[in-house]
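Pasted below: upload36.cif, mmCIF, C-alpha atoms.
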```cif
data_query
#
loop_
_atom_site.label_atom_id
_atom_site.label_comp_id
_atom_site.auth_asym_id
_atom_site.auth_seq_id
_atom_site.Cartn_x
_atom_site.Cartn_y
_atom_site.Cartn_z
CA MET B 1 -51.78 -100.59 -27.90
CA HIS B 2 -51.74 -103.78 -25.89
CA PHE B 3 -49.55 -106.41 -27.46
CA VAL B 4 -52.20 -109.11 -27.56
CA SER B 5 -54.42 -107.20 -29.90
CA SER B 6 -51.65 -106.08 -32.25
CA LEU B 7 -51.84 -106.96 -35.88
CA ALA B 8 -48.99 -109.45 -35.91
CA SER B 9 -50.24 -111.56 -33.05
CA ARG B 10 -53.72 -111.58 -34.49
CA HIS B 11 -52.27 -113.28 -37.49
CA ASP B 12 -50.63 -115.76 -35.12
CA GLN B 13 -53.96 -116.93 -33.82
CA ASN B 14 -55.15 -117.79 -37.31
CA TYR B 15 -57.56 -114.93 -37.17
CA ILE B 16 -59.94 -115.35 -40.03
CA PRO B 17 -62.48 -112.55 -40.37
CA THR B 18 -65.90 -114.08 -40.45
CA SER B 19 -66.60 -112.53 -43.83
CA PHE B 20 -64.42 -115.20 -45.37
CA LEU B 21 -66.75 -117.91 -44.19
CA ASP B 22 -70.02 -116.34 -45.24
CA HIS B 23 -72.59 -118.19 -47.21
CA HIS B 24 -71.83 -118.13 -50.90
CA LYS B 25 -74.51 -115.55 -51.64
CA ASN B 26 -72.44 -112.88 -49.90
CA ARG B 27 -69.23 -113.76 -51.61
CA LYS B 28 -67.96 -111.59 -54.38
CA TYR B 29 -67.31 -114.09 -57.08
CA LEU B 30 -66.07 -113.60 -60.57
CA PHE B 31 -67.28 -116.98 -61.63
CA SER B 32 -68.89 -118.04 -64.84
CA PRO B 33 -72.62 -118.53 -64.30
CA ILE B 34 -72.29 -122.30 -64.31
CA THR B 35 -70.99 -122.51 -60.77
CA SER B 36 -72.38 -119.38 -59.23
CA ASN B 37 -75.23 -121.10 -57.45
CA LYS B 38 -73.29 -123.98 -56.03
CA THR B 39 -72.06 -123.97 -52.45
CA VAL B 40 -68.31 -124.11 -52.24
CA ARG B 41 -67.29 -125.26 -48.80
CA MET B 42 -63.94 -123.93 -47.88
CA LYS B 43 -61.27 -123.59 -45.28
CA ALA B 44 -59.85 -120.18 -45.93
CA ASN B 45 -56.44 -120.62 -44.40
CA ALA B 46 -54.87 -124.04 -44.63
CA GLY B 47 -51.39 -122.63 -44.18
CA THR B 48 -49.38 -119.55 -45.04
CA LEU B 49 -46.67 -119.89 -47.64
CA THR B 50 -43.44 -117.96 -47.84
CA ASN B 51 -42.52 -116.53 -51.21
CA PHE B 52 -39.84 -119.18 -51.47
CA GLU B 53 -42.36 -122.00 -51.13
CA VAL B 54 -44.49 -120.65 -53.95
CA LEU B 55 -41.41 -120.19 -56.12
CA ASP B 56 -40.36 -123.74 -55.31
CA LEU B 57 -43.78 -124.98 -56.32
CA LEU B 58 -43.55 -123.23 -59.67
CA ASN B 59 -40.02 -124.45 -60.21
CA SER B 60 -41.00 -128.00 -59.45
CA ARG B 61 -43.49 -127.74 -62.27
CA GLY B 62 -40.77 -126.63 -64.65
CA ALA B 63 -41.05 -122.85 -64.70
CA SER B 64 -37.32 -122.28 -64.71
CA ASN B 65 -36.34 -124.68 -67.44
CA ASP B 66 -38.67 -123.58 -70.12
CA THR B 67 -37.48 -120.48 -71.93
CA THR B 68 -40.21 -120.57 -74.53
CA ARG B 69 -42.88 -120.64 -71.81
CA VAL B 70 -45.13 -122.79 -73.90
CA ILE B 71 -44.20 -126.36 -73.03
CA ALA B 72 -44.36 -126.42 -69.22
CA PRO B 73 -47.83 -126.76 -67.69
CA ILE B 74 -47.82 -123.27 -66.23
CA THR B 75 -50.35 -120.58 -66.95
CA THR B 76 -49.62 -116.98 -67.87
CA LEU B 77 -50.63 -115.77 -64.45
CA GLU B 78 -48.27 -118.24 -62.81
CA TYR B 79 -45.47 -116.99 -65.01
CA LYS B 80 -46.17 -113.45 -63.87
CA VAL B 81 -45.95 -114.61 -60.28
CA TYR B 82 -42.74 -116.43 -61.14
CA ASP B 83 -41.26 -113.28 -62.68
CA TYR B 84 -42.20 -111.29 -59.61
CA LEU B 85 -40.76 -113.83 -57.20
CA MET B 86 -37.49 -114.12 -59.09
CA GLU B 87 -36.84 -110.49 -58.23
CA THR B 88 -37.37 -110.97 -54.51
CA PRO B 89 -34.92 -112.55 -52.07
CA ALA B 90 -36.89 -115.78 -52.44
CA CYS B 91 -34.93 -116.82 -55.49
CA THR B 92 -31.75 -117.38 -53.52
CA GLN B 93 -33.30 -119.29 -50.64
CA THR B 94 -33.71 -122.99 -50.03
CA LEU B 95 -35.93 -124.90 -47.68
CA GLU B 96 -33.08 -125.65 -45.27
CA ILE B 97 -32.18 -121.99 -45.10
CA ILE B 98 -35.61 -120.82 -44.13
CA THR B 99 -36.34 -123.61 -41.64
CA ASN B 100 -32.97 -122.99 -40.06
CA PHE B 101 -33.69 -119.28 -39.90
CA SER B 102 -37.13 -119.64 -38.35
CA ASP B 103 -35.78 -122.07 -35.75
CA GLN B 104 -33.07 -119.66 -34.75
CA CYS B 105 -35.53 -116.78 -34.61
CA GLU B 106 -37.23 -118.33 -31.62
CA ASP B 107 -34.82 -116.62 -29.28
CA PHE B 108 -36.11 -113.25 -30.32
CA LYS B 109 -39.77 -114.01 -29.68
CA LEU B 110 -40.97 -112.64 -32.98
CA ALA B 111 -44.49 -113.11 -34.21
CA LYS B 112 -44.99 -115.58 -37.04
CA ALA B 113 -46.04 -112.76 -39.33
CA GLU B 114 -42.81 -110.90 -38.64
CA ILE B 115 -40.65 -113.93 -39.34
CA LEU B 116 -42.54 -114.36 -42.59
CA ASN B 117 -41.96 -110.72 -43.47
CA ILE B 118 -38.26 -110.99 -42.68
CA ILE B 119 -37.86 -114.09 -44.83
CA ASN B 120 -39.68 -112.47 -47.72
CA ILE B 121 -38.04 -109.06 -47.56
CA ARG B 122 -34.61 -109.82 -46.11
CA PRO B 123 -34.00 -106.50 -44.34
CA SER B 124 -30.41 -105.43 -44.52
CA SER B 125 -30.47 -102.53 -42.09
CA THR B 126 -32.23 -101.35 -38.94
CA VAL B 127 -34.40 -99.01 -40.88
CA ASN B 128 -35.73 -101.82 -43.07
CA LEU B 129 -36.34 -103.90 -40.00
CA ALA B 130 -38.27 -101.07 -38.37
CA SER B 131 -41.15 -101.29 -40.81
CA ILE B 132 -41.49 -105.01 -40.08
CA LEU B 133 -41.33 -105.06 -36.30
CA GLU B 134 -44.39 -103.94 -34.50
CA GLU B 135 -44.09 -102.08 -31.20
CA PRO B 136 -40.53 -103.25 -30.60
CA SER B 137 -40.06 -101.08 -27.53
CA GLY B 138 -43.23 -102.38 -25.91
CA ARG B 139 -42.04 -105.94 -26.30
CA GLY B 140 -38.54 -105.54 -25.03
CA ILE B 141 -36.84 -105.73 -28.41
CA ASP B 142 -34.12 -103.18 -27.92
CA LYS B 143 -31.36 -102.08 -30.23
CA LYS B 144 -29.24 -105.06 -29.26
CA ALA B 145 -31.98 -107.49 -30.16
CA LYS B 146 -32.51 -105.74 -33.49
CA GLU B 147 -28.82 -106.02 -34.23
CA GLY B 148 -28.99 -109.66 -33.27
CA ILE B 149 -31.82 -110.22 -35.70
CA LEU B 150 -29.97 -108.44 -38.48
CA LYS B 151 -26.84 -110.49 -37.83
CA LEU B 152 -28.91 -113.62 -38.09
CA VAL B 153 -30.34 -112.36 -41.38
CA GLU B 154 -26.84 -111.58 -42.70
CA ALA B 155 -25.54 -114.94 -41.65
CA LEU B 156 -28.35 -117.22 -42.67
CA LEU B 157 -30.26 -115.67 -45.53
CA PRO B 158 -28.43 -115.20 -48.83
CA SER B 159 -28.37 -111.77 -50.42
CA PRO B 160 -31.23 -110.83 -52.65
CA PRO B 161 -30.78 -110.48 -56.39
CA ILE B 162 -29.83 -107.13 -57.83
CA VAL B 163 -32.70 -105.71 -59.78
CA GLU B 164 -32.80 -102.73 -62.04
CA ALA B 165 -36.35 -101.64 -62.15
CA ARG B 166 -36.00 -98.95 -64.76
CA GLY B 167 -37.51 -100.02 -68.05
CA GLU B 168 -35.96 -102.40 -70.55
CA ASN B 169 -32.85 -103.95 -69.00
CA GLU B 170 -33.32 -106.25 -66.06
CA GLU B 171 -30.44 -108.31 -64.77
CA GLU B 172 -30.95 -110.98 -62.20
CA GLU B 173 -28.00 -112.20 -60.27
CA THR B 174 -27.96 -114.71 -57.49
CA GLU B 175 -25.17 -115.03 -54.98
CA GLU B 176 -23.41 -118.24 -53.93
CA GLY B 177 -26.17 -120.12 -52.09
CA GLU B 178 -27.29 -123.56 -52.98
CA GLN B 179 -28.99 -122.57 -56.22
CA LEU B 180 -27.17 -122.39 -59.52
CA ALA B 181 -26.34 -118.84 -60.48
CA THR B 182 -27.80 -117.74 -63.77
CA ALA B 183 -27.70 -114.23 -65.15
CA VAL B 184 -30.64 -113.54 -67.38
CA LEU B 185 -30.71 -110.42 -69.48
CA ARG B 186 -34.25 -109.49 -70.40
CA MET Q 1 -48.41 -113.00 -49.11
CA PHE Q 2 -49.61 -116.35 -50.34
CA CYS Q 3 -51.79 -118.79 -48.47
CA LEU Q 4 -53.08 -122.24 -49.08
CA SER Q 5 -56.81 -122.63 -49.02
CA GLU Q 6 -58.74 -125.80 -49.08
CA LEU Q 7 -61.93 -125.86 -51.10
CA GLU Q 8 -64.56 -128.32 -52.03
CA ASP Q 9 -66.47 -127.85 -55.21
CA THR Q 10 -68.47 -129.67 -57.82
CA VAL Q 11 -66.55 -129.74 -61.04
CA ARG Q 12 -67.84 -130.51 -64.46
CA VAL Q 13 -65.40 -132.14 -66.82
CA PRO Q 14 -66.43 -131.53 -70.42
CA PRO Q 15 -66.72 -134.61 -72.61
CA SER Q 16 -63.77 -133.52 -74.75
CA ASP Q 17 -61.45 -133.99 -71.79
CA LEU Q 18 -62.64 -137.41 -70.78
CA ASN Q 19 -59.82 -139.16 -72.59
CA LEU Q 20 -57.23 -137.50 -70.36
CA PRO Q 21 -56.15 -139.07 -67.07
CA LEU Q 22 -58.63 -138.10 -64.38
CA GLU Q 23 -56.43 -135.78 -62.35
CA VAL Q 24 -55.28 -133.94 -65.44
CA ALA Q 25 -58.83 -133.41 -66.65
CA ILE Q 26 -60.02 -132.23 -63.25
CA LYS Q 27 -57.04 -129.95 -62.84
CA LYS Q 28 -57.76 -128.44 -66.22
CA ALA Q 29 -61.36 -127.81 -65.27
CA LEU Q 30 -60.32 -126.33 -61.92
CA GLN Q 31 -57.81 -124.04 -63.57
CA LYS Q 32 -60.43 -122.74 -65.90
CA LEU Q 33 -62.79 -122.10 -63.01
CA PHE Q 34 -60.52 -120.66 -60.37
CA LEU Q 35 -57.27 -119.38 -61.78
CA ASP Q 36 -56.89 -115.62 -62.02
CA LYS Q 37 -60.24 -115.14 -60.36
CA VAL Q 38 -60.83 -113.32 -57.13
CA LEU Q 39 -62.70 -115.22 -54.46
CA SER Q 40 -63.58 -113.90 -51.05
CA ILE Q 41 -60.30 -115.34 -49.86
CA GLY Q 42 -58.12 -113.59 -52.40
CA LEU Q 43 -56.74 -113.98 -55.89
CA CYS Q 44 -56.28 -117.60 -56.91
CA VAL Q 45 -52.85 -118.11 -58.29
CA SER Q 46 -52.33 -121.81 -58.68
CA ILE Q 47 -53.85 -125.20 -58.01
CA TYR Q 48 -51.68 -126.73 -55.31
CA GLY Q 49 -53.08 -130.23 -55.37
CA ILE Q 50 -56.16 -132.36 -55.35
CA LYS Q 51 -57.00 -134.11 -52.10
CA SER Q 52 -59.95 -136.23 -53.07
CA ILE Q 53 -62.29 -136.86 -55.97
CA GLU Q 54 -65.71 -138.38 -55.64
CA GLY Q 55 -68.54 -138.98 -57.93
CA GLY Q 56 -68.17 -139.01 -61.64
CA PHE Q 57 -71.87 -139.09 -62.24
CA VAL Q 58 -73.26 -138.11 -65.57
CA LEU Q 59 -76.36 -136.02 -65.16
CA PRO Q 60 -79.24 -136.65 -67.52
CA GLY Q 61 -79.16 -134.51 -70.63
CA ASP Q 62 -75.50 -133.69 -70.16
CA GLY Q 63 -72.51 -135.41 -71.70
CA ALA Q 64 -70.10 -134.27 -69.06
CA ALA Q 65 -69.07 -136.05 -65.87
CA THR Q 66 -69.54 -134.20 -62.60
CA TYR Q 67 -67.13 -134.76 -59.73
CA LYS Q 68 -67.04 -133.52 -56.18
CA VAL Q 69 -63.46 -132.48 -55.62
CA VAL Q 70 -61.60 -131.39 -52.50
CA PHE Q 71 -58.48 -129.50 -53.44
CA ARG Q 72 -56.05 -126.88 -52.29
CA ILE Q 73 -55.18 -123.70 -54.10
CA VAL Q 74 -52.53 -121.06 -53.60
CA VAL Q 75 -54.17 -117.69 -53.10
CA PHE Q 76 -52.60 -114.29 -53.07
CA ARG Q 77 -53.87 -112.70 -49.90
CA PRO Q 78 -51.47 -110.37 -48.13
CA PHE Q 79 -52.14 -109.87 -44.46
CA VAL Q 80 -52.48 -106.46 -42.89
CA GLY Q 81 -49.05 -105.40 -41.75
CA GLU Q 82 -47.14 -107.27 -44.42
CA VAL Q 83 -44.33 -105.43 -46.17
CA ILE Q 84 -44.25 -106.03 -49.90
CA ALA Q 85 -41.91 -104.78 -52.61
CA ALA Q 86 -43.73 -103.51 -55.67
CA LYS Q 87 -43.09 -101.44 -58.74
CA PHE Q 88 -44.42 -98.04 -59.51
CA LYS Q 89 -47.17 -98.02 -62.08
CA GLU Q 90 -48.79 -94.63 -62.19
CA SER Q 91 -49.77 -91.78 -59.97
CA ASP Q 92 -52.43 -89.17 -59.97
CA SER Q 93 -53.73 -86.52 -57.65
CA ASN Q 94 -55.38 -89.11 -55.40
CA GLY Q 95 -52.26 -91.08 -54.75
CA LEU Q 96 -50.05 -93.77 -56.20
CA ARG Q 97 -50.78 -97.00 -57.92
CA LEU Q 98 -48.28 -99.83 -57.62
CA THR Q 99 -48.09 -103.13 -59.38
CA LEU Q 100 -46.80 -106.57 -58.54
CA GLY Q 101 -46.78 -107.88 -62.08
CA PHE Q 102 -49.51 -110.40 -61.43
CA PHE Q 103 -51.60 -107.99 -59.37
CA GLU Q 104 -51.98 -104.42 -60.37
CA ASP Q 105 -54.45 -102.89 -57.97
CA VAL Q 106 -52.31 -101.68 -55.12
CA TYR Q 107 -53.20 -98.12 -54.22
CA VAL Q 108 -51.43 -95.77 -51.88
CA PRO Q 109 -53.85 -92.94 -51.24
CA ALA Q 110 -52.48 -89.45 -50.70
CA PRO Q 111 -52.84 -89.42 -46.89
CA LEU Q 112 -50.52 -92.42 -46.65
CA ILE Q 113 -47.63 -90.79 -48.48
CA PRO Q 114 -45.14 -89.29 -46.04
CA THR Q 115 -45.80 -85.65 -45.28
CA PRO Q 116 -44.90 -82.97 -46.05
CA ASN Q 117 -45.29 -83.75 -49.67
CA ARG Q 118 -46.47 -82.09 -52.77
CA CYS Q 119 -47.93 -83.24 -55.99
CA GLU Q 120 -46.79 -81.66 -59.20
CA PRO Q 121 -47.42 -82.36 -62.86
CA ASP Q 122 -44.86 -84.84 -64.08
CA PRO Q 123 -42.36 -83.15 -66.39
CA TYR Q 124 -41.63 -86.43 -68.18
CA ASN Q 125 -45.13 -87.62 -68.74
CA ARG Q 126 -47.81 -85.15 -69.54
CA ASN Q 127 -50.75 -87.12 -68.17
CA GLN Q 128 -49.42 -87.98 -64.78
CA MET Q 129 -48.81 -86.23 -61.52
CA ARG Q 130 -45.65 -86.78 -59.58
CA TRP Q 131 -45.38 -87.00 -55.84
CA VAL Q 132 -42.42 -85.51 -54.04
CA TRP Q 133 -41.57 -85.88 -50.38
CA LYS Q 134 -39.86 -83.01 -48.67
CA TYR Q 135 -37.76 -84.04 -45.69
CA GLY Q 136 -35.57 -81.41 -44.14
CA ASP Q 137 -33.87 -79.80 -47.07
CA ASP Q 138 -34.05 -82.76 -49.39
CA GLU Q 139 -36.72 -83.63 -51.81
CA PHE Q 140 -37.40 -87.23 -52.68
CA ILE Q 141 -39.27 -88.10 -55.82
CA ILE Q 142 -41.55 -91.11 -56.14
CA ASP Q 143 -41.12 -92.63 -59.56
CA ASP Q 144 -40.25 -95.87 -61.26
CA SER Q 145 -36.52 -95.78 -60.71
CA CYS Q 146 -36.52 -98.57 -58.14
CA GLN Q 147 -38.74 -100.91 -56.19
CA ILE Q 148 -41.16 -99.37 -53.74
CA LYS Q 149 -41.82 -101.10 -50.46
CA PHE Q 150 -45.20 -100.64 -48.92
CA ARG Q 151 -47.04 -102.04 -45.95
CA VAL Q 152 -50.52 -103.43 -46.38
CA GLU Q 153 -53.14 -101.41 -44.55
CA ASN Q 154 -56.31 -102.90 -45.88
CA ILE Q 155 -57.70 -105.28 -48.45
CA SER Q 156 -61.12 -104.65 -49.83
CA TYR Q 157 -63.32 -106.46 -52.24
CA PRO Q 158 -65.60 -103.89 -53.83
CA PRO Q 159 -68.90 -105.29 -55.04
CA VAL Q 160 -69.38 -105.81 -58.74
CA PRO Q 161 -70.88 -102.63 -60.17
CA THR Q 162 -74.10 -102.98 -62.08
CA GLU Q 163 -73.50 -99.98 -64.28
CA ARG Q 164 -70.39 -98.12 -65.21
CA ALA Q 165 -69.48 -95.15 -67.31
CA GLU Q 166 -67.95 -95.97 -70.66
CA ASP Q 167 -64.47 -94.73 -69.92
CA ALA Q 168 -64.27 -95.83 -66.28
CA LYS Q 169 -61.27 -97.82 -65.17
CA PRO Q 170 -61.67 -101.58 -65.46
CA PHE Q 171 -63.36 -102.98 -62.39
CA ALA Q 172 -60.97 -104.18 -59.71
CA PRO Q 173 -62.51 -106.95 -57.62
CA MET Q 174 -59.72 -106.85 -55.07
CA VAL Q 175 -58.00 -103.69 -53.97
CA VAL Q 176 -55.01 -103.58 -51.64
CA THR Q 177 -54.42 -100.29 -49.86
CA GLY Q 178 -50.91 -99.70 -48.73
CA THR Q 179 -48.93 -97.12 -46.83
CA ILE Q 180 -45.42 -95.87 -47.45
CA ASP Q 181 -45.38 -93.52 -44.49
CA ASP Q 182 -42.94 -95.27 -42.20
CA ASP Q 183 -39.23 -96.04 -41.77
CA GLY Q 184 -37.94 -98.24 -44.50
CA LEU Q 185 -41.00 -97.90 -46.70
CA GLY Q 186 -41.27 -96.15 -50.02
CA PRO Q 187 -38.72 -96.32 -52.82
CA VAL Q 188 -35.79 -98.48 -51.83
CA SER Q 189 -33.31 -95.84 -52.93
CA TRP Q 190 -34.50 -93.47 -50.20
CA TRP Q 191 -33.06 -95.73 -47.52
CA GLU Q 192 -29.98 -97.05 -49.26
CA ALA Q 193 -27.91 -94.25 -47.86
CA CYS Q 194 -28.38 -95.67 -44.35
CA ALA Q 195 -25.39 -97.86 -43.64
CA PRO Q 196 -26.21 -101.54 -43.16
CA ILE Q 197 -25.49 -103.02 -39.76
CA SER Q 198 -21.78 -103.36 -39.14
CA ASP Q 199 -20.08 -106.44 -37.76
CA ALA Q 200 -18.85 -104.69 -34.64
CA GLU Q 201 -19.23 -106.91 -31.63
CA ASP Q 202 -21.37 -105.69 -28.72
#
```
Can you turn what I pasted into structure tokens?
Amino acid sequence: MHFVSSLASRHDQNYIPTSFLDHHKNRKYLFSPITSNKTVRMKANAGTLTNFEVLDLLNSRGASNDTTRVIAPITTLEYKVYDYLMETPACTQTLEIITNFSDQCEDFKLAKAEILNIINIRPSSTVNLASILEEPSGRGIDKKAKEGILKLVEALLPSPPIVEARGENEEEETEEGEQLATAVLR
Amino acid sequence: MFCLSELEDTVRVPPSDLNLPLEVAIKKALQKLFLDKVLSIGLCVSIYGIKSIEGGFVLPGDGAATYKVVFRIVVFRPFVGEVIAAKFKESDSNGLRLTLGFFEDVYVPAPLIPTPNRCEPDPYNRNQMRWVWKYGDDEFIIDDSCQIKFRVENISYPPVPTERAEDAKPFAPMVVTGTIDDDGLGPVSWWEACAPISDAED
């Protein structure tokens, strides 16, 4: 598979399948009837967000402070997203960390989609990195480069929270990092 | 897995909200219209911000003000090739179903579960089937003991059905198909035994 047509680089070129820009009649809406016959002009991709940026957005609206979940102006769906994101590595990251990391990733010539994946998943071993990198051998990313990437991940990105997925008890822990550490027992 | 999308739409602010500050009223109307709904671009999660508001005309016969608003929303739209950590929800003979909390329609069909595998009736839960991966001499079970990482293969938006059987599953307007058939994918516990990279210098 030639590198140029690989999935990751397609995402680089802001590839938007034309179905996203179809006339509204072809769109699959779940709208109330009031707006279903209006044209909604849209730009489908005005920027990709890392998980951290979405979490930051929710936090800035007060998702973290409100334990009753009634006072802050955040909807139930947004709280579900917040709960999901708090269990990913995003909860221990800050903006400086991820901009620093993506700057330093330039040496490795990774596709934007792969850097995004690495920031969101925080692979801790070669095997985790393998599912993220696409055609590493074809692009000259050898074992040494992979180890370099993992070292960068170890050094720059804080460890993810420890999550117990089984049933009732869920503990969230955050490591040092710039964010305050809170352990929440659900 | 989230993107910003910019939209322009005509928004009707009901008369009861007209005493609120304009942005608050418009945001409320936008949330009611877009939040938790699937558009062609994905599942709308949040209103990011309003860029411009025009209009404010009151149409004859209507007490509400209509505005033309340009705004940005955060949509959940994973790209093909993205690796996402999800939780196990249920499994049947066709494959697995995973959930992200806010999005529950992630399916891993049987061909995308690592082979050789077998499907057996779940001893803990009478209604479900359990998938087991056989690698070498070991057998690995897929269940809800830990997070499951999958890679997005495809996103589809099935058309709204006109008729459905009474007991059919609720209609899913957006379906993400994932694969767990690769290194590092599948339940996280399968790969924990691999030692993380050591600090040995090259």
Hey, which bits of chain Q sit within 7 Å of chain B, and for each residue what's the closest pair of atoms and how far apart in Å (one decimal), counting all atoms listed in the file, rows by chain and increasing number, as a Markdown table?
```
| residue | atom | partner | partner_atom | distance |
| --- | --- | --- | --- | --- |
| Q:Phe2 | CA | B:Leu49 | CA | 5.3 |
| Q:Cys3 | CA | B:Thr48 | CA | 4.3 |
| Q:Leu4 | CA | B:Ala46 | CA | 5.1 |
| Q:Ser5 | CA | B:Ala44 | CA | 5.0 |
| Q:Glu6 | CA | B:Lys43 | CA | 5.1 |
| Q:Leu7 | CA | B:Met42 | CA | 4.3 |
| Q:Glu8 | CA | B:Arg41 | CA | 5.2 |
| Q:Asp9 | CA | B:Val40 | CA | 5.1 |
| Q:Leu33 | CA | B:Phe31 | CA | 6.9 |
| Q:Asp36 | CA | B:Leu77 | CA | 6.7 |
| Q:Lys37 | CA | B:Leu30 | CA | 6.0 |
| Q:Val38 | CA | B:Leu30 | CA | 6.3 |
| Q:Leu39 | CA | B:Tyr29 | CA | 5.4 |
| Q:Ser40 | CA | B:Arg27 | CA | 5.7 |
| Q:Ile41 | CA | B:Phe20 | CA | 6.1 |
| Q:Val45 | CA | B:Glu78 | CA | 6.4 |
| Q:Ser46 | CA | B:Glu78 | CA | 6.8 |
| Q:Gly81 | CA | B:Leu7 | CA | 6.7 |
| Q:Glu82 | CA | B:Asn117 | CA | 6.3 |
| Q:Val83 | CA | B:Asn117 | CA | 6.4 |
| Q:Leu100 | CA | B:Tyr84 | CA | 6.7 |
| Q:Gly101 | CA | B:Lys80 | CA | 5.9 |
| Q:Phe102 | CA | B:Lys80 | CA | 5.1 |
| Q:Asp144 | CA | B:Arg166 | CA | 6.3 |
| Q:Ser145 | CA | B:Arg166 | CA | 5.2 |
| Q:Cys146 | CA | B:Ala165 | CA | 5.1 |
| Q:Gln147 | CA | B:Ala165 | CA | 6.5 |
| Q:Pro159 | CA | B:Lys28 | CA | 6.4 |
| Q:Asp182 | CA | B:Ser131 | CA | 6.4 |
| Q:Asp183 | CA | B:Ser131 | CA | 5.7 |
| Q:Gly184 | CA | B:Asn128 | CA | 4.4 |
| Q:Leu185 | CA | B:Ser131 | CA | 6.8 |
| Q:Pro196 | CA | B:Ser125 | CA | 4.5 |
| Q:Ile197 | CA | B:Ser125 | CA | 5.5 |
```
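Take atom CA of Q:Pro170 and atom CA of Q:Pro111: the distance between them is 23.9 Å.
We find atom CA of B:Thr92 and atom CA of B:Ile115 to be spaced 17.1 Å apart.
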Excluding Q:Asp138 and any residue of its chain fewer than 6 positions from it, enumerate the residues within 12 Å of it, using only C-alpha atoms, and give them as a compact mmCIF listing (two decimals) with C-alpha atoms, in the frame of the given file.
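Result file is out.txt:
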```txt
# COMPACT_ATOMS: atom_id res chain seq x y z
CA PRO Q 116 -44.90 -82.97 -46.05
CA ASN Q 117 -45.29 -83.75 -49.67
CA VAL Q 132 -42.42 -85.51 -54.04
CA TRP Q 190 -34.50 -93.47 -50.20
```
Could you tell me which residues the PyMOL selection byres ((chain Q and resi 172) around 12) returns for this structure, as an mmCIF file with C-alpha atoms, in the frame of the given file?
```cif
data_model
loop_
_atom_site.group_PDB
_atom_site.id
_atom_site.type_symbol
_atom_site.label_atom_id
_atom_site.label_comp_id
_atom_site.auth_asym_id
_atom_site.auth_seq_id
_atom_site.Cartn_x
_atom_site.Cartn_y
_atom_site.Cartn_z
ATOM 1 C CA LYS B 28 -67.960 -111.590 -54.380
ATOM 2 C CA LEU B 30 -66.070 -113.600 -60.570
ATOM 3 C CA LYS Q 37 -60.240 -115.140 -60.360
ATOM 4 C CA VAL Q 38 -60.830 -113.320 -57.130
ATOM 5 C CA LEU Q 43 -56.740 -113.980 -55.890
ATOM 6 C CA PHE Q 103 -51.600 -107.990 -59.370
ATOM 7 C CA GLU Q 104 -51.980 -104.420 -60.370
ATOM 8 C CA ASP Q 105 -54.450 -102.890 -57.970
ATOM 9 C CA VAL Q 106 -52.310 -101.680 -55.120
ATOM 10 C CA TYR Q 107 -53.200 -98.120 -54.220
ATOM 11 C CA ILE Q 155 -57.700 -105.280 -48.450
ATOM 12 C CA SER Q 156 -61.120 -104.650 -49.830
ATOM 13 C CA TYR Q 157 -63.320 -106.460 -52.240
ATOM 14 C CA PRO Q 158 -65.600 -103.890 -53.830
ATOM 15 C CA PRO Q 159 -68.900 -105.290 -55.040
ATOM 16 C CA VAL Q 160 -69.380 -105.810 -58.740
ATOM 17 C CA PRO Q 161 -70.880 -102.630 -60.170
ATOM 18 C CA ALA Q 168 -64.270 -95.830 -66.280
ATOM 19 C CA LYS Q 169 -61.270 -97.820 -65.170
ATOM 20 C CA PRO Q 170 -61.670 -101.580 -65.460
ATOM 21 C CA PHE Q 171 -63.360 -102.980 -62.390
ATOM 22 C CA PRO Q 173 -62.510 -106.950 -57.620
ATOM 23 C CA MET Q 174 -59.720 -106.850 -55.070
ATOM 24 C CA VAL Q 175 -58.000 -103.690 -53.970
ATOM 25 C CA VAL Q 176 -55.010 -103.580 -51.640
#
```
Hey, what's within 9 Å of B:Ile98 if we count all atoms listed in the file and toss same-chain stuff fewer than 2 positions away? As an NGL selection string, please?
-> :B and (52 or 93-96 or 100-103 or 119 or 156-157)
I need the residue set behind the PyMOL selection byres ((chain Q and resi 186) around 6) for this file; please write it as an MDAnalysis selection string.
-> chainID Q and resid 148:149 180 185 187
For Q:Lys68, which residue among Q:Phe34, Q:Lys89, Q:Met129, Q:Gly55 is the nearest when counting only C-alpha atoms?
->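 So, comparing all the options, the nearest one is Q:Gly55.
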Care to translate the PyMOL selection byres ((chain Q and resi 130) around 7) into actual residues of this file, as number ranges by chain?
-> Q: 91, 119-122, 128-129, 131-132, 142
Enter the distance from atom CA of B:Asp142 to atom CA of B:Cys105, in Å, rounded to one decimal.
-> 15.2 Å
